[in-house]
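For reference, entry-v5.cif (mmCIF, C-alpha atoms):
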data_coords
loop_
_atom_site.group_PDB
_atom_site.id
_atom_site.type_symbol
_atom_site.label_atom_id
_atom_site.label_comp_id
_atom_site.auth_asym_id
_atom_site.auth_seq_id
_atom_site.Cartn_x
_atom_site.Cartn_y
_atom_site.Cartn_z
ATOM 1 C CA MET A 2 -8.312 -20.258 -60.544
ATOM 2 C CA ASN A 3 -4.876 -18.598 -60.706
ATOM 3 C CA ALA A 4 -3.684 -15.649 -58.599
ATOM 4 C CA VAL A 5 -4.441 -13.038 -61.286
ATOM 5 C CA ASP A 6 -7.989 -14.345 -61.765
ATOM 6 C CA SER A 7 -8.498 -14.409 -57.990
ATOM 7 C CA LEU A 8 -7.411 -10.776 -57.668
ATOM 8 C CA SER A 9 -9.735 -9.759 -60.483
ATOM 9 C CA SER A 10 -12.608 -11.606 -58.775
ATOM 10 C CA LEU A 11 -11.930 -9.814 -55.481
ATOM 11 C CA GLN A 12 -11.948 -6.429 -57.203
ATOM 12 C CA THR A 13 -15.217 -7.253 -58.972
ATOM 13 C CA PHE A 14 -16.780 -8.510 -55.738
ATOM 14 C CA ALA A 15 -15.852 -5.288 -53.894
ATOM 15 C CA GLN A 16 -17.226 -3.129 -56.713
ATOM 16 C CA VAL A 17 -20.548 -5.015 -56.677
ATOM 17 C CA ALA A 18 -20.716 -4.604 -52.894
ATOM 18 C CA ASP A 19 -20.119 -0.837 -53.260
ATOM 19 C CA ASN A 20 -22.632 -0.343 -56.072
ATOM 20 C CA SER A 21 -25.266 -3.001 -55.192
ATOM 21 C CA SER A 22 -25.629 -3.624 -58.910
ATOM 22 C CA PHE A 23 -24.149 -5.971 -61.495
ATOM 23 C CA ALA A 24 -25.130 -3.543 -64.271
ATOM 24 C CA ALA A 25 -23.299 -0.589 -62.674
ATOM 25 C CA VAL A 26 -20.100 -2.604 -62.296
ATOM 26 C CA GLY A 27 -20.484 -3.848 -65.855
ATOM 27 C CA ARG A 28 -20.498 -0.237 -67.047
ATOM 28 C CA LEU A 29 -17.384 0.463 -64.992
ATOM 29 C CA GLN A 30 -15.526 -2.478 -66.497
ATOM 30 C CA GLY A 31 -16.953 -2.196 -69.997
ATOM 31 C CA VAL A 32 -18.642 -5.625 -69.913
ATOM 32 C CA SER A 33 -22.214 -6.882 -69.569
ATOM 33 C CA ALA A 34 -24.085 -7.286 -66.292
ATOM 34 C CA SER A 35 -24.293 -10.990 -67.092
ATOM 35 C CA ALA A 36 -20.485 -11.257 -67.223
ATOM 36 C CA ILE A 37 -20.222 -9.615 -63.789
ATOM 37 C CA GLY A 38 -22.867 -11.963 -62.401
ATOM 38 C CA LYS A 39 -20.997 -15.007 -63.709
ATOM 39 C CA ALA A 40 -17.724 -13.769 -62.194
ATOM 40 C CA VAL A 41 -19.394 -13.425 -58.788
ATOM 41 C CA THR A 42 -20.980 -16.869 -59.126
ATOM 42 C CA ARG A 43 -17.579 -18.417 -59.882
ATOM 43 C CA LEU A 44 -16.146 -16.752 -56.758
ATOM 44 C CA GLU A 45 -19.049 -18.060 -54.673
ATOM 45 C CA GLN A 46 -18.483 -21.567 -56.021
ATOM 46 C CA GLN A 47 -14.793 -21.352 -55.232
ATOM 47 C CA LEU A 48 -15.524 -20.224 -51.648
ATOM 48 C CA GLY A 49 -18.495 -22.527 -51.164
ATOM 49 C CA VAL A 50 -20.749 -19.757 -49.781
ATOM 50 C CA ARG A 51 -23.345 -17.319 -51.123
ATOM 51 C CA LEU A 52 -21.993 -13.748 -51.003
ATOM 52 C CA PHE A 53 -25.061 -11.859 -52.243
ATOM 53 C CA HIS A 54 -28.830 -12.020 -51.992
ATOM 54 C CA ARG A 55 -30.080 -11.382 -55.529
ATOM 55 C CA SER A 56 -33.340 -9.784 -56.683
ATOM 56 C CA THR A 57 -34.522 -8.421 -60.019
ATOM 57 C CA ARG A 58 -33.646 -4.863 -58.937
ATOM 58 C CA SER A 59 -30.568 -5.117 -56.722
ATOM 59 C CA VAL A 60 -28.104 -7.287 -54.873
ATOM 60 C CA ALA A 61 -27.309 -7.203 -51.144
ATOM 61 C CA LEU A 62 -24.523 -8.790 -49.129
ATOM 62 C CA THR A 63 -25.227 -11.894 -47.077
ATOM 63 C CA ALA A 64 -23.735 -12.224 -43.592
ATOM 64 C CA GLU A 65 -20.894 -14.254 -45.127
ATOM 65 C CA GLY A 66 -20.508 -11.633 -47.821
ATOM 66 C CA LYS A 67 -20.109 -8.849 -45.259
ATOM 67 C CA MET A 68 -17.424 -10.825 -43.424
ATOM 68 C CA PHE A 69 -15.586 -11.607 -46.661
ATOM 69 C CA LEU A 70 -15.808 -7.973 -47.828
ATOM 70 C CA ALA A 71 -13.923 -6.747 -44.753
ATOM 71 C CA ARG A 72 -11.047 -9.153 -45.484
ATOM 72 C CA CYS A 73 -11.221 -8.393 -49.187
ATOM 73 C CA ARG A 74 -10.873 -4.648 -48.602
ATOM 74 C CA ARG A 75 -7.735 -5.164 -46.527
ATOM 75 C CA VAL A 76 -6.176 -7.207 -49.332
ATOM 76 C CA LEU A 77 -7.047 -4.615 -51.981
ATOM 77 C CA GLU A 78 -5.857 -1.712 -49.812
ATOM 78 C CA GLU A 79 -2.522 -3.442 -49.248
ATOM 79 C CA LEU A 80 -2.196 -3.988 -52.985
ATOM 80 C CA GLU A 81 -3.049 -0.348 -53.746
ATOM 81 C CA GLY A 82 -0.550 0.785 -51.107
ATOM 82 C CA ALA A 83 2.144 -1.324 -52.749
ATOM 83 C CA GLU A 84 1.272 0.206 -56.121
ATOM 84 C CA VAL A 85 1.583 3.711 -54.657
ATOM 85 C CA GLU A 86 4.958 2.902 -53.107
ATOM 86 C CA LEU A 87 6.328 1.399 -56.317
ATOM 87 C CA SER A 88 4.951 4.213 -58.482
ATOM 88 C CA SER A 89 6.530 6.838 -56.242
ATOM 89 C CA ARG A 90 9.943 5.306 -56.899
ATOM 90 C CA THR A 91 9.718 5.694 -60.658
ATOM 91 C CA ASN A 92 11.247 8.718 -62.366
ATOM 92 C CA ALA A 93 7.916 10.152 -63.488
ATOM 93 C CA PRO A 94 4.193 9.641 -62.737
ATOM 94 C CA ARG A 95 2.613 7.402 -65.353
ATOM 95 C CA GLY A 96 -0.587 5.605 -66.294
ATOM 96 C CA THR A 97 -4.069 6.519 -67.487
ATOM 97 C CA LEU A 98 -6.116 9.220 -65.776
ATOM 98 C CA LYS A 99 -9.867 9.366 -66.483
ATOM 99 C CA VAL A 100 -10.972 12.982 -66.143
ATOM 100 C CA GLY A 101 -14.478 14.446 -66.319
ATOM 101 C CA LEU A 102 -14.669 18.045 -67.612
ATOM 102 C CA PRO A 103 -18.242 19.237 -68.174
ATOM 103 C CA LEU A 104 -16.974 22.787 -68.835
ATOM 104 C CA ALA A 105 -14.553 22.491 -71.736
ATOM 105 C CA SER A 106 -13.641 26.165 -71.960
ATOM 106 C CA PRO A 107 -10.476 27.410 -73.704
ATOM 107 C CA LEU A 108 -9.027 28.214 -70.277
ATOM 108 C CA VAL A 109 -9.449 24.604 -69.120
ATOM 109 C CA LEU A 110 -8.329 23.095 -72.438
ATOM 110 C CA ALA A 111 -5.134 25.163 -72.515
ATOM 111 C CA THR A 112 -4.298 24.059 -68.974
ATOM 112 C CA LEU A 113 -4.892 20.410 -69.882
ATOM 113 C CA SER A 114 -2.591 20.782 -72.876
ATOM 114 C CA ASP A 115 0.110 22.247 -70.626
ATOM 115 C CA PHE A 116 -0.307 19.315 -68.227
ATOM 116 C CA ALA A 117 -0.025 16.757 -71.046
ATOM 117 C CA GLN A 118 3.230 18.344 -72.177
ATOM 118 C CA ALA A 119 4.606 18.469 -68.623
ATOM 119 C CA TYR A 120 3.718 14.797 -67.910
ATOM 120 C CA PRO A 121 3.992 12.848 -71.178
ATOM 121 C CA GLU A 122 3.884 9.485 -69.361
ATOM 122 C CA ILE A 123 0.326 10.145 -68.178
ATOM 123 C CA ARG A 124 -2.377 9.299 -70.722
ATOM 124 C CA LEU A 125 -5.478 11.469 -70.327
ATOM 125 C CA ASP A 126 -8.889 9.877 -70.919
ATOM 126 C CA LEU A 127 -11.103 12.975 -71.152
ATOM 127 C CA ASP A 128 -14.902 13.120 -70.943
ATOM 128 C CA PHE A 129 -16.420 16.481 -71.947
ATOM 129 C CA ASP A 130 -20.066 15.551 -71.353
ATOM 130 C CA ASP A 131 -22.095 18.462 -69.918
ATOM 131 C CA ARG A 132 -24.193 16.147 -67.716
ATOM 132 C CA LEU A 133 -23.578 15.626 -63.998
ATOM 133 C CA VAL A 134 -21.552 12.399 -63.927
ATOM 134 C CA ASP A 135 -21.362 9.912 -61.053
ATOM 135 C CA VAL A 136 -17.643 10.056 -60.265
ATOM 136 C CA ILE A 137 -17.449 6.667 -58.527
ATOM 137 C CA GLU A 138 -19.975 4.612 -60.483
ATOM 138 C CA GLU A 139 -18.566 5.732 -63.836
ATOM 139 C CA GLY A 140 -14.960 5.109 -62.849
ATOM 140 C CA PHE A 141 -13.540 8.650 -62.965
ATOM 141 C CA ASP A 142 -10.226 9.357 -61.275
ATOM 142 C CA VAL A 143 -11.057 13.059 -60.972
ATOM 143 C CA VAL A 144 -13.710 15.524 -62.152
ATOM 144 C CA LEU A 145 -13.594 19.315 -62.540
ATOM 145 C CA ARG A 146 -16.991 20.721 -61.584
ATOM 146 C CA ALA A 147 -18.624 24.089 -60.981
ATOM 147 C CA GLY A 148 -20.747 24.623 -57.891
ATOM 148 C CA GLU A 149 -20.579 23.386 -54.312
ATOM 149 C CA PRO A 150 -20.249 19.566 -54.269
ATOM 150 C CA THR A 151 -22.448 17.531 -51.908
ATOM 151 C CA ASP A 152 -21.323 13.909 -52.381
ATOM 152 C CA SER A 153 -19.768 12.725 -49.106
ATOM 153 C CA ARG A 154 -17.966 9.907 -50.943
ATOM 154 C CA LEU A 155 -15.667 12.412 -52.641
ATOM 155 C CA ASN A 156 -12.642 14.461 -51.675
ATOM 156 C CA VAL A 157 -12.917 18.122 -52.666
ATOM 157 C CA ARG A 158 -10.390 20.806 -53.545
ATOM 158 C CA ARG A 159 -11.426 24.335 -54.479
ATOM 159 C CA VAL A 160 -9.573 25.607 -57.541
ATOM 160 C CA GLY A 161 -10.784 29.188 -57.813
ATOM 161 C CA GLY A 162 -13.684 31.488 -58.578
ATOM 162 C CA TYR A 163 -15.109 32.883 -61.809
ATOM 163 C CA ARG A 164 -17.800 35.368 -62.795
ATOM 164 C CA ARG A 165 -21.022 34.720 -64.680
ATOM 165 C CA LEU A 166 -22.370 37.481 -66.898
ATOM 166 C CA LEU A 167 -24.832 38.410 -69.611
ATOM 167 C CA VAL A 168 -23.247 38.911 -73.037
ATOM 168 C CA ALA A 169 -24.326 39.848 -76.540
ATOM 169 C CA ALA A 170 -22.710 40.685 -79.866
ATOM 170 C CA PRO A 171 -22.315 44.366 -80.818
ATOM 171 C CA THR A 172 -24.207 43.597 -84.047
ATOM 172 C CA TYR A 173 -27.194 42.323 -82.057
ATOM 173 C CA LEU A 174 -27.197 45.360 -79.754
ATOM 174 C CA ALA A 175 -26.957 47.698 -82.759
ATOM 175 C CA ARG A 176 -30.043 46.012 -84.200
ATOM 176 C CA LYS A 177 -32.156 45.563 -81.052
ATOM 177 C CA GLY A 178 -30.777 48.209 -78.704
ATOM 178 C CA THR A 179 -28.821 47.834 -75.461
ATOM 179 C CA PRO A 180 -30.898 46.964 -72.371
ATOM 180 C CA ARG A 181 -30.327 49.444 -69.520
ATOM 181 C CA THR A 182 -32.378 47.690 -66.839
ATOM 182 C CA PRO A 183 -33.457 44.062 -66.322
ATOM 183 C CA ALA A 184 -37.009 45.037 -67.331
ATOM 184 C CA ASP A 185 -35.705 45.926 -70.812
ATOM 185 C CA LEU A 186 -35.007 42.227 -71.470
ATOM 186 C CA ALA A 187 -38.714 41.771 -72.181
ATOM 187 C CA ASN A 188 -38.013 43.204 -75.646
ATOM 188 C CA HIS A 189 -34.959 41.041 -76.358
ATOM 189 C CA ASP A 190 -34.060 37.580 -77.652
ATOM 190 C CA CYS A 191 -32.619 35.483 -74.812
ATOM 191 C CA LEU A 192 -30.567 32.327 -75.347
ATOM 192 C CA HIS A 193 -31.158 29.868 -72.496
ATOM 193 C CA TYR A 194 -29.318 26.834 -71.144
ATOM 194 C CA ARG A 195 -30.989 23.548 -70.191
ATOM 195 C CA TYR A 196 -29.152 21.290 -67.713
ATOM 196 C CA PRO A 197 -28.571 17.952 -69.489
ATOM 197 C CA THR A 198 -29.003 15.869 -66.326
ATOM 198 C CA SER A 199 -32.230 17.331 -64.928
ATOM 199 C CA GLY A 200 -33.719 18.987 -68.005
ATOM 200 C CA ARG A 201 -34.329 22.146 -65.956
ATOM 201 C CA MET A 202 -33.658 25.536 -67.493
ATOM 202 C CA GLU A 203 -30.976 27.693 -65.889
ATOM 203 C CA ILE A 204 -32.411 30.639 -63.957
ATOM 204 C CA TRP A 205 -30.928 34.055 -64.680
ATOM 205 C CA PRO A 206 -29.966 36.011 -61.506
ATOM 206 C CA LEU A 207 -32.485 38.812 -61.949
ATOM 207 C CA PRO A 208 -35.416 40.116 -59.898
ATOM 208 C CA ARG A 209 -38.268 37.587 -59.812
ATOM 209 C CA GLU A 210 -40.648 39.883 -61.661
ATOM 210 C CA THR A 211 -38.231 40.226 -64.618
ATOM 211 C CA SER A 212 -39.598 38.877 -67.895
ATOM 212 C CA VAL A 213 -36.900 36.892 -69.724
ATOM 213 C CA PRO A 214 -38.195 35.765 -73.151
ATOM 214 C CA ILE A 215 -37.044 32.451 -74.591
ATOM 215 C CA ALA A 216 -35.672 32.776 -78.112
ATOM 216 C CA MET A 217 -33.744 29.506 -77.914
ATOM 217 C CA VAL A 218 -32.940 26.710 -75.423
ATOM 218 C CA CYS A 219 -30.030 24.279 -75.745
ATOM 219 C CA ASP A 220 -27.978 21.993 -73.502
ATOM 220 C CA ASP A 221 -24.554 22.907 -74.888
ATOM 221 C CA MET A 222 -22.724 26.027 -73.719
ATOM 222 C CA ARG A 223 -20.410 26.135 -76.723
ATOM 223 C CA ALA A 224 -23.400 26.256 -79.056
ATOM 224 C CA ARG A 225 -24.759 29.273 -77.184
ATOM 225 C CA VAL A 226 -21.415 31.051 -77.532
ATOM 226 C CA CYS A 227 -21.612 30.505 -81.283
ATOM 227 C CA PHE A 228 -25.197 31.777 -81.514
ATOM 228 C CA ALA A 229 -24.439 34.810 -79.353
ATOM 229 C CA VAL A 230 -21.388 35.755 -81.454
ATOM 230 C CA ARG A 231 -23.558 35.524 -84.579
ATOM 231 C CA GLY A 232 -25.926 38.102 -83.140
ATOM 232 C CA GLN A 233 -28.876 35.873 -82.269
ATOM 233 C CA GLY A 234 -29.470 37.164 -78.761
ATOM 234 C CA ILE A 235 -28.305 37.659 -75.172
ATOM 235 C CA ALA A 236 -26.790 34.743 -73.251
ATOM 236 C CA TYR A 237 -25.946 34.169 -69.577
ATOM 237 C CA MET A 238 -22.479 32.609 -69.562
ATOM 238 C CA PRO A 239 -19.489 31.755 -67.366
ATOM 239 C CA GLU A 240 -16.818 34.351 -68.134
ATOM 240 C CA HIS A 241 -14.157 31.741 -68.882
ATOM 241 C CA MET A 242 -16.347 30.353 -71.693
ATOM 242 C CA VAL A 243 -16.409 33.711 -73.494
ATOM 243 C CA ARG A 244 -13.120 35.313 -72.420
ATOM 244 C CA ALA A 245 -11.605 35.136 -75.922
ATOM 245 C CA GLU A 246 -14.754 36.584 -77.528
ATOM 246 C CA LEU A 247 -14.846 39.419 -74.991
ATOM 247 C CA ASP A 248 -11.179 40.231 -75.607
ATOM 248 C CA ALA A 249 -11.766 40.205 -79.386
ATOM 249 C CA GLY A 250 -14.815 42.476 -79.122
ATOM 250 C CA GLU A 251 -17.099 39.798 -80.583
ATOM 251 C CA LEU A 252 -19.164 39.893 -77.389
ATOM 252 C CA VAL A 253 -19.691 42.610 -74.788
ATOM 253 C CA PRO A 254 -21.142 42.514 -71.261
ATOM 254 C CA VAL A 255 -24.788 43.475 -70.861
ATOM 255 C CA LEU A 256 -26.428 44.789 -67.646
ATOM 256 C CA ASP A 257 -23.057 44.423 -65.962
ATOM 257 C CA LYS A 258 -24.124 46.533 -62.963
ATOM 258 C CA HIS A 259 -27.158 44.344 -62.367
ATOM 259 C CA VAL A 260 -25.511 40.912 -62.718
ATOM 260 C CA ASP A 261 -22.558 40.247 -60.454
ATOM 261 C CA VAL A 262 -22.509 36.518 -59.766
ATOM 262 C CA CYS A 263 -19.491 34.416 -58.828
ATOM 263 C CA SER A 264 -19.174 30.629 -58.841
ATOM 264 C CA ASP A 265 -16.346 28.268 -57.921
ATOM 265 C CA PHE A 266 -14.460 25.454 -59.624
ATOM 266 C CA TYR A 267 -13.803 22.273 -57.623
ATOM 267 C CA LEU A 268 -11.747 19.162 -58.258
ATOM 268 C CA LEU A 269 -13.469 16.004 -56.976
ATOM 269 C CA TRP A 270 -11.996 12.518 -56.592
ATOM 270 C CA PRO A 271 -13.029 9.333 -54.735
ATOM 271 C CA SER A 272 -12.153 9.299 -51.038
ATOM 272 C CA GLY A 273 -10.781 6.345 -49.099
ATOM 273 C CA ARG A 274 -8.139 5.453 -51.663
ATOM 274 C CA HIS A 275 -4.363 5.780 -51.723
ATOM 275 C CA MET A 276 -3.483 8.742 -53.919
ATOM 276 C CA LEU A 277 -1.408 7.593 -56.868
ATOM 277 C CA PRO A 278 1.352 9.952 -58.110
ATOM 278 C CA LYS A 279 -0.473 10.531 -61.407
ATOM 279 C CA LEU A 280 -3.497 11.903 -59.537
ATOM 280 C CA ARG A 281 -1.427 13.949 -57.080
ATOM 281 C CA VAL A 282 0.487 15.794 -59.813
ATOM 282 C CA PHE A 283 -2.736 16.403 -61.763
ATOM 283 C CA LEU A 284 -4.470 17.931 -58.734
ATOM 284 C CA ASP A 285 -1.495 20.128 -57.890
ATOM 285 C CA PHE A 286 -0.909 21.248 -61.492
ATOM 286 C CA MET A 287 -4.552 22.049 -62.266
ATOM 287 C CA THR A 288 -5.078 23.848 -58.961
ATOM 288 C CA GLN A 289 -2.014 26.054 -59.379
ATOM 289 C CA GLN A 290 -2.452 26.820 -63.071
ATOM 290 C CA LEU A 291 -6.227 27.309 -63.143
ATOM 291 C CA HIS A 292 -6.190 29.388 -59.969
ATOM 292 C CA ALA A 293 -3.584 31.735 -61.482
ATOM 293 C CA LYS A 294 -5.599 32.134 -64.704
ATOM 294 C CA LEU A 295 -8.886 32.691 -62.874
ATOM 295 C CA GLU A 296 -7.252 35.318 -60.655
ATOM 296 C CA LYS A 297 -5.874 37.045 -63.761
ATOM 297 C CA ASN A 298 -9.391 37.172 -65.255
ATOM 298 C CA ALA A 299 -10.774 38.571 -61.991
ATOM 299 C CA ALA A 300 -8.086 41.275 -61.851
ATOM 300 C CA ALA A 301 -8.815 42.269 -65.457
ATOM 301 C CA HIS A 302 -12.526 42.505 -64.670
ATOM 302 C CA ARG A 303 -11.893 44.746 -61.661
ATOM 303 C CA LYS A 304 -9.704 47.009 -63.790
ATOM 304 C CA ARG A 305 -12.348 47.275 -66.543
ATOM 305 C CA ARG A 306 -15.107 48.003 -64.031
ATOM 306 C CA ALA A 307 -13.016 50.704 -62.315
ATOM 307 C CA ALA A 308 -12.301 52.328 -65.710
ATOM 308 C CA ARG A 309 -16.034 52.549 -66.468
ATOM 309 C CA GLN A 310 -16.881 54.242 -63.173
#
Let me see the structure of the file written as structure tokens.
Amino acid sequence: MNAVDSLSSLQTFAQVADNSSFAAVGRLQGVSASAIGKAVTRLEQQLGVRLFHRSTRSVALTAEGKMFLARCRRVLEELEGAEVELSSRTNAPRGTLKVGLPLASPLVLATLSDFAQAYPEIRLDLDFDDRLVDVIEEGFDVVLRAGEPTDSRLNVRRVGGYRRLLVAAPTYLARKGTPRTPADLANHDCLHYRYPTSGRMEIWPLPRETSVPIAMVCDDMRARVCFAVRGQGIAYMPEHMVRAELDAGELVPVLDKHVDVCSDFYLLWPSGRHMLPKLRVFLDFMTQQLHAKLEKNAAAHRKRRAARQ
């Protein structure tokens, strides 16, 4: 086994130890669980010891495996440190960055486009799936997520806040009337969101006794924007998803005095790793640019609300 193969085997071994699963590591590397199992077996044969206890459901480190993992981590950390040092000496950050973006709003997309133009040597591998991804198991370098994160394996950086509001098309309100109180929603068509990961329906921030009819349920926010613009009902949306439609007059806020909810954007990335230049510039760029845009939206909202009072 040559040096390159040995390094690859060490990386695979450490990933299996972290995930306790051949299948999970196979998904990370884009190969089958069987291929990962064979790679570990070859490493065990080379070392002459068994590194894992295997069962039909999981794998667990043996005593020898735990000892070898500690040495293995030191080797891989030294290698990653060398990569960071060499990368920092190049003229520009480079490489592939796998980014998870469950909320692909125009605001986020425009900022990503600006980043790609500012750092042409960084290739973005973008995942716009609405589900709640596992940052580490699925091999993401960084994920932009709404809501307070709870995974202790991840580093967290708050980007900024945004409002959530009820919206409808003027054509719909002309046809069905404008609700003045939450109770009025009982006579309206409401477009609901289902979380792709859990299957649960999003709860609207209204008094518990409020009746909120279900005219439609879907697990894609962009689809609800389309349906709302076409006058099919009232939707509860993040403001940044409908900012352009609000500015164009295609949608208007509904029950604005009764719904005043704010959420936060966070950038999440795996902890315990050396931060490569490509990740550092992405974090700094997205934080600065998105924060400025979110603050601009918030200032515009305050101005509109003051004008209505």
Task: Distance of atom CA of Ala236 of chain A from atom CA of Val136 of chain A, expressed in Å to one decimal place - done: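 Going from atom CA of Val136 of chain A over to atom CA of Ala236 of chain A covers 29.4 Å.
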Restrict the calculation to all atoms listed in the file, then for each residue of segment 210-248 of chain A with any atom at most 6 Å from an atom of segment 183-201 of chain A give the closest atom pair and their distance in Å to one decimal, rows by chain and rising residue number, as JSON lines.
{"residue": "A:Thr211", "atom": "CA", "partner": "A:Ala184", "partner_atom": "CA", "distance": 5.7}
{"residue": "A:Ser212", "atom": "CA", "partner": "A:Ala187", "partner_atom": "CA", "distance": 5.2}
{"residue": "A:Val213", "atom": "CA", "partner": "A:Ala187", "partner_atom": "CA", "distance": 5.8}
{"residue": "A:Pro214", "atom": "CA", "partner": "A:Cys191", "partner_atom": "CA", "distance": 5.8}
{"residue": "A:Ile215", "atom": "CA", "partner": "A:Cys191", "partner_atom": "CA", "distance": 5.4}
{"residue": "A:Ala216", "atom": "CA", "partner": "A:Asp190", "partner_atom": "CA", "distance": 5.1}
{"residue": "A:Met217", "atom": "CA", "partner": "A:Leu192", "partner_atom": "CA", "distance": 5.0}
{"residue": "A:Val218", "atom": "CA", "partner": "A:His193", "partner_atom": "CA", "distance": 4.7}
{"residue": "A:Cys219", "atom": "CA", "partner": "A:Tyr194", "partner_atom": "CA", "distance": 5.3}
{"residue": "A:Asp220", "atom": "CA", "partner": "A:Arg195", "partner_atom": "CA", "distance": 4.7}
{"residue": "A:Gly234", "atom": "CA", "partner": "A:Asp190", "partner_atom": "CA", "distance": 4.7}
{"residue": "A:Ile235", "atom": "CA", "partner": "A:Cys191", "partner_atom": "CA", "distance": 4.8}
{"residue": "A:Ala236", "atom": "CA", "partner": "A:Leu192", "partner_atom": "CA", "distance": 4.9}
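We find atom CA of Val109 of chain A and atom CA of Leu166 of chain A to be spaced 18.4 Å apart.
Each of A:Thr288, A:Ser9, A:Ser264, A:Gln16 was checked against Phe116 of chain A using only C-alpha atoms; the smallest atom-to-atom distance is that of A:Thr288.
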Around the point (-27.0, -15.8, -49.7) in the file's coordinates, collect all residues with an atom within 10 Å, using only C-alpha atoms, and return them as an mmCIF file with C-alpha atoms, keeping the file's coordinate frame.
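Wrote it out as result-v2.cif, contents follow:
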data_model
loop_
_atom_site.group_PDB
_atom_site.id
_atom_site.type_symbol
_atom_site.label_atom_id
_atom_site.label_comp_id
_atom_site.auth_asym_id
_atom_site.auth_seq_id
_atom_site.Cartn_x
_atom_site.Cartn_y
_atom_site.Cartn_z
ATOM 1 C CA GLU A 45 -19.049 -18.060 -54.673
ATOM 2 C CA VAL A 50 -20.749 -19.757 -49.781
ATOM 3 C CA ARG A 51 -23.345 -17.319 -51.123
ATOM 4 C CA LEU A 52 -21.993 -13.748 -51.003
ATOM 5 C CA PHE A 53 -25.061 -11.859 -52.243
ATOM 6 C CA HIS A 54 -28.830 -12.020 -51.992
ATOM 7 C CA ARG A 55 -30.080 -11.382 -55.529
ATOM 8 C CA ALA A 61 -27.309 -7.203 -51.144
ATOM 9 C CA LEU A 62 -24.523 -8.790 -49.129
ATOM 10 C CA THR A 63 -25.227 -11.894 -47.077
ATOM 11 C CA ALA A 64 -23.735 -12.224 -43.592
ATOM 12 C CA GLU A 65 -20.894 -14.254 -45.127
ATOM 13 C CA GLY A 66 -20.508 -11.633 -47.821
#
Hey, what's within 10 Å of segment 265-271 of chain A if we count all atoms listed in the file and toss same-chain stuff fewer than 6 positions away? As a PDB file with C-alpha atoms, in the coordinates of the input, please?
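Output file out.pdb follows:
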ATOM      1  CA  VAL A 100     -10.972  12.982 -66.143  1.00  0.00           C
ATOM      2  CA  GLY A 101     -14.478  14.446 -66.319  1.00  0.00           C
ATOM      3  CA  LEU A 102     -14.669  18.045 -67.612  1.00  0.00           C
ATOM      4  CA  LEU A 104     -16.974  22.787 -68.835  1.00  0.00           C
ATOM      5  CA  VAL A 136     -17.643  10.056 -60.265  1.00  0.00           C
ATOM      6  CA  ILE A 137     -17.449   6.667 -58.527  1.00  0.00           C
ATOM      7  CA  GLY A 140     -14.960   5.109 -62.849  1.00  0.00           C
ATOM      8  CA  PHE A 141     -13.540   8.650 -62.965  1.00  0.00           C
ATOM      9  CA  ASP A 142     -10.226   9.357 -61.275  1.00  0.00           C
ATOM     10  CA  VAL A 143     -11.057  13.059 -60.972  1.00  0.00           C
ATOM     11  CA  VAL A 144     -13.710  15.524 -62.152  1.00  0.00           C
ATOM     12  CA  LEU A 145     -13.594  19.315 -62.540  1.00  0.00           C
ATOM     13  CA  ARG A 146     -16.991  20.721 -61.584  1.00  0.00           C
ATOM     14  CA  ALA A 147     -18.624  24.089 -60.981  1.00  0.00           C
ATOM     15  CA  GLY A 148     -20.747  24.623 -57.891  1.00  0.00           C
ATOM     16  CA  GLU A 149     -20.579  23.386 -54.312  1.00  0.00           C
ATOM     17  CA  PRO A 150     -20.249  19.566 -54.269  1.00  0.00           C
ATOM     18  CA  ASP A 152     -21.323  13.909 -52.381  1.00  0.00           C
ATOM     19  CA  SER A 153     -19.768  12.725 -49.106  1.00  0.00           C
ATOM     20  CA  ARG A 154     -17.966   9.907 -50.943  1.00  0.00           C
ATOM     21  CA  LEU A 155     -15.667  12.412 -52.641  1.00  0.00           C
ATOM     22  CA  ASN A 156     -12.642  14.461 -51.675  1.00  0.00           C
ATOM     23  CA  VAL A 157     -12.917  18.122 -52.666  1.00  0.00           C
ATOM     24  CA  ARG A 158     -10.390  20.806 -53.545  1.00  0.00           C
ATOM     25  CA  ARG A 159     -11.426  24.335 -54.479  1.00  0.00           C
ATOM     26  CA  VAL A 160      -9.573  25.607 -57.541  1.00  0.00           C
ATOM     27  CA  GLY A 161     -10.784  29.188 -57.813  1.00  0.00           C
ATOM     28  CA  GLY A 162     -13.684  31.488 -58.578  1.00  0.00           C
ATOM     29  CA  TYR A 163     -15.109  32.883 -61.809  1.00  0.00           C
ATOM     30  CA  ARG A 164     -17.800  35.368 -62.795  1.00  0.00           C
ATOM     31  CA  LEU A 280      -3.497  11.903 -59.537  1.00  0.00           C
ATOM     32  CA  LEU A 284      -4.470  17.931 -58.734  1.00  0.00           C
ATOM     33  CA  MET A 287      -4.552  22.049 -62.266  1.00  0.00           C
ATOM     34  CA  THR A 288      -5.078  23.848 -58.961  1.00  0.00           C
ATOM     35  CA  LEU A 291      -6.227  27.309 -63.143  1.00  0.00           C
ATOM     36  CA  HIS A 292      -6.190  29.388 -59.969  1.00  0.00           C
ATOM     37  CA  LEU A 295      -8.886  32.691 -62.874  1.00  0.00           C
TER      38      LEU A 295
END
TODO: Kindly resolve the PyMOL selection byres ((chain A and resi 260) around 12) on the present coordinates and return the residues as a list in words.
DONE: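 Selected by the PyMOL selection byres ((chain A and resi 260) around 12) here: Arg164, Arg165, Leu166, Leu167, Val168, Arg181, Thr182, Pro183, Trp205, Pro206, Leu207, Pro208, Tyr237, Met238, Pro239, Pro254, Val255, Leu256, Asp257, Lys258, His259, Asp261, Val262 and Cys263 of chain A.
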Open item on the list: Here's the selection I'm unsure about, the PyMOL selection byres ((chain A and resi 247) around 12); applied to the file above, which residues does it give, as a PyMOL selection string?
Closed with: chain A and resi 166-171+226+229-230+238-246+248-255+298+301-302+305
